[in-house]
$ cat my_file-v2.cif   # mmCIF, C-alpha atoms
data_final
loop_
_atom_site.label_atom_id
_atom_site.label_comp_id
_atom_site.auth_asym_id
_atom_site.auth_seq_id
_atom_site.Cartn_x
_atom_site.Cartn_y
_atom_site.Cartn_z
CA MET A 1 88.87 106.99 72.78
CA LEU A 2 90.49 110.21 73.98
CA GLY A 3 87.78 110.68 76.56
CA GLY A 4 90.31 109.81 79.28
CA ALA A 5 92.41 112.88 78.41
CA ALA A 6 89.38 115.15 78.45
CA CYS A 7 88.27 113.64 81.76
CA ALA A 8 91.74 114.19 83.24
CA LEU A 9 91.78 117.85 82.22
CA LEU A 10 88.24 118.39 83.51
CA ILE A 11 89.08 116.85 86.89
CA ALA A 12 92.25 118.94 87.06
CA GLY A 13 90.22 122.08 86.42
CA ILE A 14 87.72 121.18 89.12
CA GLY A 15 90.56 120.44 91.54
CA THR A 16 92.18 123.82 90.80
CA ALA A 17 88.90 125.58 91.46
CA HIS A 18 88.51 123.80 94.81
CA ALA A 19 92.11 124.59 95.77
CA GLN A 20 91.49 128.26 95.03
CA ALA A 21 88.32 128.17 97.12
CA LYS A 22 90.30 126.71 100.01
CA ASP A 23 92.82 129.53 99.78
CA ALA A 24 90.03 132.06 100.02
CA ASP A 25 88.78 130.72 103.36
CA GLY A 26 91.88 128.90 104.62
CA ALA A 27 90.30 128.20 108.04
CA SER A 28 87.85 125.63 106.59
CA GLY A 29 90.13 122.65 107.33
CA PHE A 30 89.57 121.36 103.81
CA SER A 31 92.39 121.00 101.28
CA ILE A 32 92.70 119.46 97.85
CA GLU A 33 95.64 118.86 95.53
CA GLY A 34 96.46 116.73 92.56
CA SER A 35 98.32 116.14 89.34
CA VAL A 36 97.77 115.10 85.74
CA ARG A 37 100.43 113.21 83.79
CA ALA A 38 100.43 112.27 80.12
CA ARG A 39 103.13 109.88 78.88
CA VAL A 40 103.97 108.42 75.47
CA GLU A 41 106.08 105.24 75.32
CA VAL A 42 107.52 103.25 72.42
CA VAL A 43 109.46 99.99 72.51
CA ASP A 44 111.15 97.77 69.92
CA GLY A 45 113.01 94.45 70.16
CA GLN A 46 110.82 93.14 72.99
CA VAL A 47 112.65 90.59 75.14
CA ARG A 48 109.60 88.82 76.62
CA PRO A 49 108.23 85.70 74.90
CA ASN A 50 104.70 85.86 73.44
CA ALA A 51 104.72 89.67 73.36
CA PRO A 52 104.73 91.99 70.31
CA ASP A 53 108.19 92.88 69.02
CA SER A 54 107.17 96.54 68.83
CA ASP A 55 104.58 98.42 70.86
CA ALA A 56 103.49 101.96 71.70
CA MET A 57 101.21 103.44 74.33
CA LEU A 58 99.70 106.75 75.38
CA SER A 59 98.73 106.83 79.05
CA PHE A 60 97.17 109.32 81.44
CA ARG A 61 97.29 109.42 85.22
CA THR A 62 95.08 111.83 87.17
CA LEU A 63 95.44 111.98 90.95
CA ILE A 64 93.10 114.01 93.15
CA THR A 65 93.69 114.02 96.92
CA ALA A 66 91.22 115.67 99.31
CA ARG A 67 91.67 116.05 103.05
CA TYR A 68 89.56 117.45 105.85
CA ASP A 69 91.37 118.17 109.10
CA PHE A 70 89.38 118.25 112.33
CA GLY A 71 92.42 119.12 114.45
CA GLY A 72 94.46 116.04 115.35
CA VAL A 73 92.16 113.83 113.29
CA HIS A 74 91.75 113.94 109.52
CA LEU A 75 89.95 112.18 106.69
CA THR A 76 91.85 111.64 103.45
CA ALA A 77 90.59 110.38 100.10
CA GLU A 78 92.52 109.98 96.83
CA LEU A 79 91.08 109.24 93.39
CA ASP A 80 93.31 107.68 90.72
CA ASP A 81 92.15 107.68 87.11
CA ALA A 82 94.72 105.63 85.13
CA ARG A 83 94.00 105.05 81.43
CA SER A 84 96.04 103.77 78.50
CA TYR A 85 95.46 103.85 74.74
CA PHE A 86 96.79 102.46 71.44
CA GLN A 87 98.85 99.58 72.90
CA HIS A 88 99.00 96.24 71.08
CA GLY A 89 96.32 93.65 71.89
CA GLN A 90 99.04 91.38 73.37
CA SER A 91 100.88 94.25 75.06
CA THR A 92 102.90 93.76 78.22
CA ALA A 93 101.07 96.78 79.70
CA GLY A 94 98.94 95.68 82.63
CA THR A 95 97.05 96.82 85.71
CA SER A 96 99.84 99.22 86.68
CA GLU A 97 99.03 101.23 83.55
CA SER A 98 95.22 100.95 83.40
CA ASN A 99 92.87 101.28 86.38
CA ALA A 100 90.13 103.78 85.62
CA LEU A 101 88.37 105.85 88.32
CA GLU A 102 89.74 103.97 91.31
CA PRO A 103 89.42 105.29 94.91
CA LEU A 104 93.09 104.64 95.66
CA GLN A 105 93.01 105.88 99.25
CA ALA A 106 90.24 106.45 101.82
CA TYR A 107 91.40 106.48 105.43
CA LEU A 108 91.02 108.03 108.86
CA GLY A 109 94.22 109.51 110.26
CA VAL A 110 94.91 110.23 113.93
CA GLU A 111 97.89 112.47 114.67
CA LEU A 112 100.04 111.11 117.51
CA GLY A 113 101.84 114.35 118.35
CA ALA A 114 98.86 115.62 120.32
CA VAL A 115 98.98 112.46 122.44
CA ALA A 116 102.75 112.24 122.99
CA GLY A 117 103.46 115.92 123.62
CA GLN A 118 106.94 117.08 122.59
CA SER A 119 108.59 113.63 122.35
CA GLY A 120 107.86 113.23 118.64
CA LYS A 121 105.17 113.09 116.03
CA GLY A 122 103.39 110.46 114.00
CA VAL A 123 100.12 109.23 112.61
CA VAL A 124 97.89 106.17 112.76
CA ARG A 125 95.99 105.51 109.52
CA LEU A 126 92.97 103.20 109.28
CA GLY A 127 91.37 102.25 105.97
CA ARG A 128 92.60 101.98 102.39
CA MET A 129 96.02 103.47 101.72
CA THR A 130 99.24 103.33 99.72
CA LEU A 131 102.46 102.46 101.57
CA ASN A 132 106.20 102.86 101.35
CA SER A 133 108.94 101.87 103.77
CA GLY A 134 112.64 102.70 103.86
CA SER A 135 114.33 102.39 100.47
CA GLY A 136 111.15 101.00 98.91
CA ARG A 137 112.86 97.80 97.80
CA VAL A 138 110.33 95.68 99.73
CA LEU A 139 107.38 98.08 100.06
CA ASP A 140 106.95 101.15 97.86
CA ARG A 141 104.60 103.54 96.10
CA PRO A 142 106.53 104.09 92.85
CA ASP A 143 105.90 107.35 91.02
CA TRP A 144 106.41 105.69 87.62
CA SER A 145 103.30 103.54 88.04
CA ASN A 146 99.96 104.95 86.88
CA SER A 147 98.21 102.68 89.38
CA PRO A 148 100.30 101.90 92.49
CA ASN A 149 99.51 99.12 94.95
CA SER A 150 97.03 99.91 97.72
CA PHE A 151 96.20 98.12 100.97
CA LEU A 152 93.40 97.80 103.51
CA GLY A 153 94.31 97.87 107.18
CA VAL A 154 96.29 99.89 109.71
CA ASP A 155 99.53 101.86 109.37
CA ILE A 156 101.44 103.40 112.30
CA ASP A 157 104.27 105.81 111.51
CA TRP A 158 106.14 107.47 114.40
CA THR A 159 109.21 109.76 114.31
CA SER A 160 110.93 110.79 117.54
CA LYS A 161 112.25 114.25 118.25
CA ARG A 162 115.83 113.17 117.38
CA GLY A 163 114.68 111.63 114.08
CA ASP A 164 114.34 107.92 114.90
CA ARG A 165 111.43 106.28 113.05
CA LEU A 166 109.14 103.36 113.89
CA HIS A 167 106.85 102.10 111.13
CA LEU A 168 104.31 99.28 111.58
CA VAL A 169 101.76 97.88 109.12
CA ALA A 170 99.07 95.17 109.14
CA VAL A 171 97.20 95.09 105.85
CA ARG A 172 95.60 93.13 103.02
CA PRO A 173 96.59 94.12 99.45
CA PHE A 174 93.95 95.06 96.90
CA ASP A 175 93.60 93.10 93.66
CA LYS A 176 93.60 95.55 90.75
CA LEU A 177 90.56 95.21 88.49
CA PRO A 178 89.86 94.67 85.70
CA SER A 179 92.77 92.26 85.20
CA ASP A 180 91.75 90.80 81.81
CA ARG A 181 93.22 92.21 78.59
CA ALA A 182 89.86 93.28 77.17
CA GLY A 183 88.87 95.17 80.30
CA MET A 184 92.22 96.95 80.54
CA HIS A 185 92.27 97.76 76.82
CA ASP A 186 88.79 99.33 77.08
CA ASN A 187 89.67 101.19 80.31
CA LYS A 188 86.70 99.54 81.97
CA VAL A 189 85.69 100.94 85.35
CA GLU A 190 85.70 98.14 87.94
CA LEU A 191 86.47 98.68 91.62
CA ASP A 192 89.47 96.87 93.09
CA ARG A 193 88.84 94.33 95.85
CA ALA A 194 90.84 93.59 98.98
CA ASN A 195 92.33 90.10 98.69
CA PRO A 196 91.03 87.96 101.61
CA GLY A 197 93.65 85.30 100.90
CA LEU A 198 96.69 87.58 101.21
CA HIS A 199 97.96 89.21 104.41
CA PHE A 200 101.02 91.41 104.87
CA TRP A 201 102.30 92.74 108.18
CA GLY A 202 105.48 93.79 109.94
CA GLY A 203 107.54 96.89 110.45
CA SER A 204 110.83 98.74 110.51
CA TYR A 205 112.88 100.77 112.95
CA THR A 206 115.37 103.42 111.83
CA ARG A 207 118.00 104.90 114.14
CA ALA A 208 119.01 108.33 112.87
CA LYS A 209 122.75 109.01 112.56
CA ALA A 210 123.61 105.73 114.20
CA VAL A 211 126.89 104.92 112.39
CA VAL A 212 129.37 107.62 111.20
CA GLY A 213 126.47 109.98 110.57
CA ALA A 214 124.49 107.34 108.70
CA ASN A 215 121.00 106.05 109.40
CA ALA A 216 120.61 102.38 110.34
CA GLU A 217 117.36 100.56 109.60
CA VAL A 218 116.23 97.06 110.50
CA TYR A 219 112.95 95.56 109.30
CA GLY A 220 110.90 92.40 109.03
CA PHE A 221 107.72 91.70 107.03
CA TRP A 222 105.51 88.62 106.89
CA LEU A 223 103.41 87.64 103.88
CA GLY A 224 100.79 84.90 104.13
CA GLU A 225 98.91 83.62 101.09
CA ARG A 226 96.05 81.13 100.72
CA ASP A 227 93.89 79.92 97.84
CA ARG A 228 90.45 81.40 97.46
CA ALA A 229 87.55 80.75 95.10
CA GLY A 230 88.73 81.15 91.52
CA ARG A 231 92.20 82.25 92.63
CA PRO A 232 94.68 79.36 93.10
CA THR A 233 98.03 80.41 94.55
CA ARG A 234 101.40 78.98 95.51
CA ASP A 235 100.51 79.39 99.21
CA ARG A 236 103.45 81.60 100.03
CA GLU A 237 104.48 81.97 103.66
CA LEU A 238 107.43 84.36 103.57
CA PHE A 239 109.38 86.29 106.18
CA THR A 240 111.54 89.01 104.64
CA SER A 241 114.08 90.73 106.90
CA GLY A 242 116.63 93.36 106.10
CA LEU A 243 119.32 95.71 107.34
CA ARG A 244 120.08 99.03 105.65
CA ILE A 245 122.76 101.63 106.41
CA ASN A 246 122.66 104.81 104.37
CA ARG A 247 123.95 108.36 104.41
CA SER A 248 122.60 111.07 102.14
CA GLY A 249 125.02 113.09 100.06
CA ALA A 250 125.84 116.80 100.02
CA LYS A 251 128.10 118.91 97.86
CA GLY A 252 131.71 117.85 98.26
CA THR A 253 130.92 114.70 100.25
CA PHE A 254 130.57 110.94 99.83
CA ASP A 255 127.27 109.15 100.31
CA PHE A 256 126.44 105.47 100.53
CA ASP A 257 123.53 103.04 100.69
CA VAL A 258 124.07 99.40 101.71
CA GLU A 259 121.11 97.05 102.12
CA GLY A 260 120.96 93.29 102.64
CA ILE A 261 117.71 91.31 102.54
CA LEU A 262 117.03 87.70 103.57
CA GLN A 263 113.88 85.78 102.68
CA ARG A 264 112.80 82.59 104.44
CA GLY A 265 109.61 80.54 104.52
CA THR A 266 107.71 78.08 102.35
CA MET A 267 105.79 77.97 99.09
CA ARG A 268 104.34 75.42 96.66
CA ALA A 269 105.93 74.57 93.31
CA THR A 270 102.68 75.22 91.42
CA THR A 271 99.20 76.67 91.92
CA SER A 272 97.54 73.27 91.43
CA ALA A 273 95.13 72.17 94.16
CA ALA A 274 96.80 68.75 93.99
CA ASP A 275 100.16 70.28 94.95
CA VAL A 276 100.24 70.15 98.75
CA THR A 277 104.02 70.03 99.25
CA ASP A 278 105.56 73.06 100.94
CA ARG A 279 109.05 73.84 99.62
CA LYS A 280 111.50 75.76 101.74
CA VAL A 281 112.45 79.26 100.58
CA ARG A 282 116.07 80.37 101.03
CA ALA A 283 116.52 83.60 99.05
CA GLY A 284 118.34 86.90 99.38
CA SER A 285 119.08 90.25 97.79
CA ALA A 286 121.62 93.05 98.19
CA HIS A 287 122.12 96.64 97.08
CA VAL A 288 125.42 98.53 97.39
CA GLU A 289 125.86 102.13 96.27
CA LEU A 290 128.76 104.54 96.85
CA GLY A 291 128.60 108.06 95.46
CA TYR A 292 130.39 111.40 95.49
CA THR A 293 128.85 114.81 94.73
CA PHE A 294 131.12 117.52 93.33
CA ALA A 295 130.76 120.98 94.84
CA SER A 296 130.97 123.18 91.74
CA GLY A 297 129.58 123.55 88.24
CA TRP A 298 126.73 121.18 87.49
CA THR A 299 127.36 119.55 90.91
CA PRO A 300 127.47 116.09 89.30
CA ARG A 301 127.12 112.99 91.42
CA ILE A 302 128.99 109.85 90.35
CA ALA A 303 128.06 106.54 91.97
CA GLY A 304 129.15 102.94 91.70
CA LEU A 305 126.35 100.39 92.02
CA PHE A 306 125.91 96.69 92.66
CA GLU A 307 122.63 94.75 92.63
CA TYR A 308 122.09 91.11 93.50
CA ALA A 309 119.01 88.92 93.86
CA SER A 310 119.08 85.13 94.06
CA GLY A 311 117.18 82.95 91.65
CA ASP A 312 116.34 79.29 91.21
CA THR A 313 113.04 77.45 91.39
CA SER A 314 114.25 74.06 90.14
CA ALA A 315 116.15 73.00 93.26
CA PRO A 316 114.41 71.29 96.21
CA SER A 317 114.58 74.64 98.01
CA VAL A 318 113.34 77.81 96.26
CA THR A 319 116.12 80.40 96.10
CA ARG A 320 114.44 82.87 93.73
CA PHE A 321 113.92 86.17 95.54
CA ASP A 322 110.34 87.47 95.66
CA PRO A 323 110.28 91.30 95.25
CA LEU A 324 106.94 91.48 97.14
CA PHE A 325 105.64 95.08 96.80
CA GLY A 326 109.00 96.73 96.13
CA GLY A 327 109.68 99.36 93.50
CA ARG A 328 112.31 98.85 90.81
CA ARG A 329 112.38 102.06 88.74
CA GLY A 330 115.31 103.59 90.64
CA ASP A 331 117.53 100.50 90.62
CA PHE A 332 116.57 98.81 87.34
CA GLY A 333 115.23 101.39 84.89
CA PRO A 334 111.82 102.22 83.40
CA ILE A 335 108.98 99.68 83.57
CA SER A 336 105.52 99.39 81.87
CA LEU A 337 106.30 98.66 78.16
CA TYR A 338 109.99 98.22 79.08
CA GLY A 339 111.01 96.76 82.46
CA PRO A 340 113.03 93.59 81.67
CA VAL A 341 115.10 93.84 84.87
CA SER A 342 113.72 93.24 88.36
CA ARG A 343 114.93 92.15 91.78
CA ALA A 344 114.98 88.43 90.94
CA ASN A 345 117.78 86.21 89.55
CA VAL A 346 120.11 89.07 88.68
CA ILE A 347 123.70 90.20 89.28
CA SER A 348 124.33 93.75 88.10
CA PRO A 349 127.28 96.10 88.71
CA GLY A 350 126.94 99.57 87.24
CA ILE A 351 127.72 103.27 87.29
CA LEU A 352 125.40 106.27 87.55
CA ILE A 353 125.99 109.97 86.84
CA ASP A 354 123.45 112.68 87.54
CA ALA A 355 123.80 116.44 87.43
CA LYS A 356 121.91 119.75 87.48
CA PRO A 357 123.13 121.78 84.49
CA ALA A 358 120.82 124.74 85.22
CA LYS A 359 118.05 125.80 87.58
CA GLY A 360 115.04 123.54 87.08
CA TRP A 361 117.01 120.97 85.02
CA ASP A 362 118.41 117.57 85.98
CA VAL A 363 119.99 114.86 83.87
CA MET A 364 120.91 111.23 84.59
CA VAL A 365 122.79 108.53 82.72
CA LYS A 366 123.31 104.98 83.92
CA GLY A 367 124.96 101.81 82.67
CA GLN A 368 124.62 98.30 84.11
CA LYS A 369 126.10 94.92 83.24
CA LEU A 370 123.57 92.10 83.60
CA TRP A 371 124.13 88.45 84.55
CA LEU A 372 121.86 85.70 85.84
CA ALA A 373 122.48 84.59 89.40
CA SER A 374 121.27 81.11 88.35
CA ALA A 375 121.70 79.85 84.77
CA THR A 376 118.72 77.48 85.07
CA ASP A 377 116.10 80.04 86.19
CA SER A 378 114.28 82.74 84.21
CA PHE A 379 116.09 86.06 84.07
CA ALA A 380 114.57 88.85 86.19
CA ALA A 381 111.15 89.88 84.78
CA THR A 382 111.64 88.54 81.24
CA SER A 383 110.28 84.95 81.60
CA VAL A 384 113.19 83.86 79.34
CA ARG A 385 114.61 80.58 80.64
CA ASP A 386 116.92 77.71 79.78
CA ALA A 387 116.27 74.93 82.30
CA THR A 388 119.46 73.14 81.18
CA GLY A 389 121.71 76.14 81.87
CA ALA A 390 123.35 75.71 78.45
CA SER A 391 122.65 79.33 77.40
CA GLY A 392 124.92 80.69 80.12
CA ARG A 393 124.47 83.69 82.41
CA ASP A 394 125.24 86.70 80.20
CA ALA A 395 122.08 88.83 79.83
CA GLY A 396 123.88 91.83 78.30
CA PHE A 397 124.18 95.54 79.10
CA GLN A 398 121.51 98.08 79.98
CA PHE A 399 121.97 101.79 79.29
CA GLU A 400 119.54 104.45 80.47
CA GLY A 401 119.26 108.23 80.24
CA ARG A 402 116.77 110.82 81.51
CA VAL A 403 116.29 114.60 81.27
CA ARG A 404 113.77 116.57 83.35
CA ASN A 405 112.88 120.25 83.33
CA TRP A 406 110.47 122.35 85.40
CA LEU A 407 108.86 124.48 82.68
CA ILE A 408 106.91 126.22 85.44
CA PRO A 409 108.45 125.62 88.91
CA LYS A 410 106.34 123.20 90.99
CA LYS A 411 103.54 123.40 88.41
CA LEU A 412 104.59 121.94 85.04
CA ARG A 413 107.38 119.41 84.43
CA LEU A 414 108.68 117.80 81.24
CA GLU A 415 110.51 114.45 81.31
CA PHE A 416 112.21 112.55 78.50
CA GLY A 417 114.04 109.25 78.80
CA ALA A 418 115.39 106.30 76.84
CA ALA A 419 116.82 102.87 77.56
CA LEU A 420 118.71 100.23 75.58
CA LEU A 421 119.14 96.58 76.48
CA ALA A 422 122.04 95.21 74.44
CA LYS A 423 121.17 91.53 74.72
CA GLY A 424 123.77 89.04 75.84
CA ASP A 425 124.05 85.39 74.77
CA PHE A 426 121.38 84.22 77.20
CA LEU A 427 118.69 86.53 75.82
CA THR A 428 119.46 85.46 72.26
CA ASP A 429 120.21 81.73 72.70
CA ALA A 430 117.72 80.57 75.37
CA PRO A 431 115.03 78.25 73.93
CA ASN A 432 112.13 80.69 74.38
CA ALA A 433 114.06 83.92 73.73
CA PRO A 434 112.45 86.05 70.96
CA HIS A 435 114.63 86.30 67.85
CA THR A 436 114.74 90.08 67.78
CA GLY A 437 117.44 92.70 67.96
CA ASP A 438 118.43 94.73 70.99
CA MET A 439 115.57 96.14 73.07
CA ARG A 440 115.07 99.91 72.61
CA PHE A 441 112.71 102.12 74.58
CA ALA A 442 111.86 105.83 74.77
CA TYR A 443 109.25 107.90 76.55
CA LEU A 444 108.09 111.52 76.89
CA GLY A 445 106.02 112.66 79.86
CA VAL A 446 104.36 115.94 80.83
CA SER A 447 103.06 116.47 84.38
CA THR A 448 101.06 119.34 85.81
CA PHE A 449 100.50 119.86 89.54
CA PHE A 450 97.87 121.89 91.37
#
$ encode --input "my_file-v2.cif" --output "structure tokens"
Amino acid sequence: MLGGAACALLIAGIGTAHAQAKDADGASGFSIEGSVRARVEVVDGQVRPNAPDSDAMLSFRTLITARYDFGGVHLTAELDDARSYFQHGQSTAGTSESNALEPLQAYLGVELGAVAGQSGKGVVRLGRMTLNSGSGRVLDRPDWSNSPNSFLGVDIDWTSKRGDRLHLVAVRPFDKLPSDRAGMHDNKVELDRANPGLHFWGGSYTRAKAVVGANAEVYGFWLGERDRAGRPTRDRELFTSGLRINRSGAKGTFDFDVEGILQRGTMRATTSAADVTDRKVRAGSAHVELGYTFASGWTPRIAGLFEYASGDTSAPSVTRFDPLFGGRRGDFGPISLYGPVSRANVISPGILIDAKPAKGWDVMVKGQKLWLASATDSFAATSVRDATGASGRDAGFQFEGRVRNWLIPKKLRLEFGAALLAKGDFLTDAPNAPHTGDMRFAYLGVSTFF
């Protein structure tokens, strides 16, 4: 059963040997790097229906990235070996935790700087790749995930000399396999497949220092979905547009991040082939963050937060926001065995404090109040719902803390974290809410980089 750990260490050793070989003849054009992460998670008081009250998991993620540069053109390949052990047979752990020996990226890259001279730099990528855009709230490669989303298609990323950025994508997402519980539990090796019924394309433009020293970004992404053999869908046709204004912080200064997202289009109420009625989608989301970083001592940063995402699928128009391929770790806490909160049917003000008490150390604590945007829809990622609305909107409070330390700078990092969801009336009184206590979660991770 522990073969995954041994495999991870073996691959890491091979990668280190190759990296050393590259250093010896640096002119070869070949480079290789990677990481191995082991993480233990435990959870109690599970909030999701039909899931074990308590669960535990040991997971490993090994990433190996190799690149050969021909001078203006390069080939890149990345292997992801994601394995999990000891979780309950009905665990909430899924394809983001288990995806053994998967070629996560394999693409041809063409550097644009050689074409455009001194006006800027960029790259065109063709093939299979991971993607992130802007804040990552619509499109992201989250570090928490053992197996991030990957896509097949073309990606164009251009940054001008003054720092303006244009990013365009036209891709098809990959379905992660295996997707059945038995296959994931056994860490079965099965290659992912690009989904022919799902298309995602669009782009963003960021103007550097456009407003009072802040960056301004505008974006729009289209998602088109169709049924395919053995895979009925809700036939989503969604256009997601957004505007973001953000300024990074520095010691003794304020920073802010304001983002508004609108979602329009159509989708079916069910995945049934008999359902041919397109329902209008009218959804939205917002993120507001204002912080200040102190200039002395631990240089703590204190920030006020506000998160909103609409939610309701019972009305004639769908107002529940679809998070698409966005990450949620930064805004809503840990995921995998935990992860009750997502960017859907949620209102959440909060406060965050992070600091650096010593060289190589950082700490973070965060508290958020949680309400439902719609009392008749399921709350966030929990699947807990009261269609009558009688259970109210109070989902409770979420508290989170994290400590990280570089045991060996840039080589070995230790991370410990915990979260508590103090359930509100909705998560205790809704008809399908599990009759458990507050949800408690803790994890310990060790990462090595080469």
$ closest_residue --input "my_file-v2.cif" --among "A:Ala430, A:Leu337, A:Val384, A:Met364" --to "Pro52 in chain A" --atoms "only C-alpha atoms"
A:Leu337
$ atom_distance --input "my_file-v2.cif" --atom1 "CA of Gly417 in chain A" --atom2 "CA of Ala286 in chain A"
26.4 Å
$ residues_around --input "my_file-v2.cif" --residues "range 368-376 of chain A" --least-positions-apart "4" --cutoff "9 Å" --atoms "all atoms listed in the file" --output "NGL selection string"
:A and (305-306 or 308-314 or 320 or 332 or 341 or 344-352 or 380 or 385-400 or 424 or 426)
$ resolve_selection --input "my_file-v2.cif" --expression "the PyMOL selection byres ((chain A and resi 210) around 12)" --output "ChimeraX atom specification"
/A:162-164,205-209,211-218,244-247
$ residues_around --input "my_file-v2.cif" --residues "Ala170 in chain A" --least-positions-apart "3" --cutoff "9 Å" --atoms "only C-alpha atoms" --output "ChimeraX atom specification"
/A:152-155,199-203
$ resolve_selection --input "my_file-v2.cif" --expression "the PyMOL selection byres ((chain A and resi 269) around 8)" --output "ChimeraX atom specification"
/A:234,267-268,270-271,275,277-279,313
$ atom_distance --input "my_file-v2.cif" --atom1 "CA of Val171 in chain A" --atom2 "CA of Asp80 in chain A"
20.1 Å
$ atom_distance --input "my_file-v2.cif" --atom1 "CA of Leu75 in chain A" --atom2 "CA of Lys411 in chain A"
25.4 Å
$ resolve_selection --input "my_file-v2.cif" --expression "the PyMOL selection byres ((chain A and resi 132) around 12)" --output "count of residues only"
29
$ residues_around --input "my_file-v2.cif" --residues "Thr293 in chain A" --least-positions-apart "2" --cutoff "12 Å" --atoms "only C-alpha atoms" --output "list in words"
Ser248, Gly249, Ala250, Lys251, Gly252, Thr253, Phe254, Asp255, Phe256, Leu290, Gly291, Ala295, Ser296, Gly297, Trp298, Thr299, Pro300, Arg301, Ile302, Ala303, Leu352, Ile353, Asp354, Ala355 and Lys356 of chain A
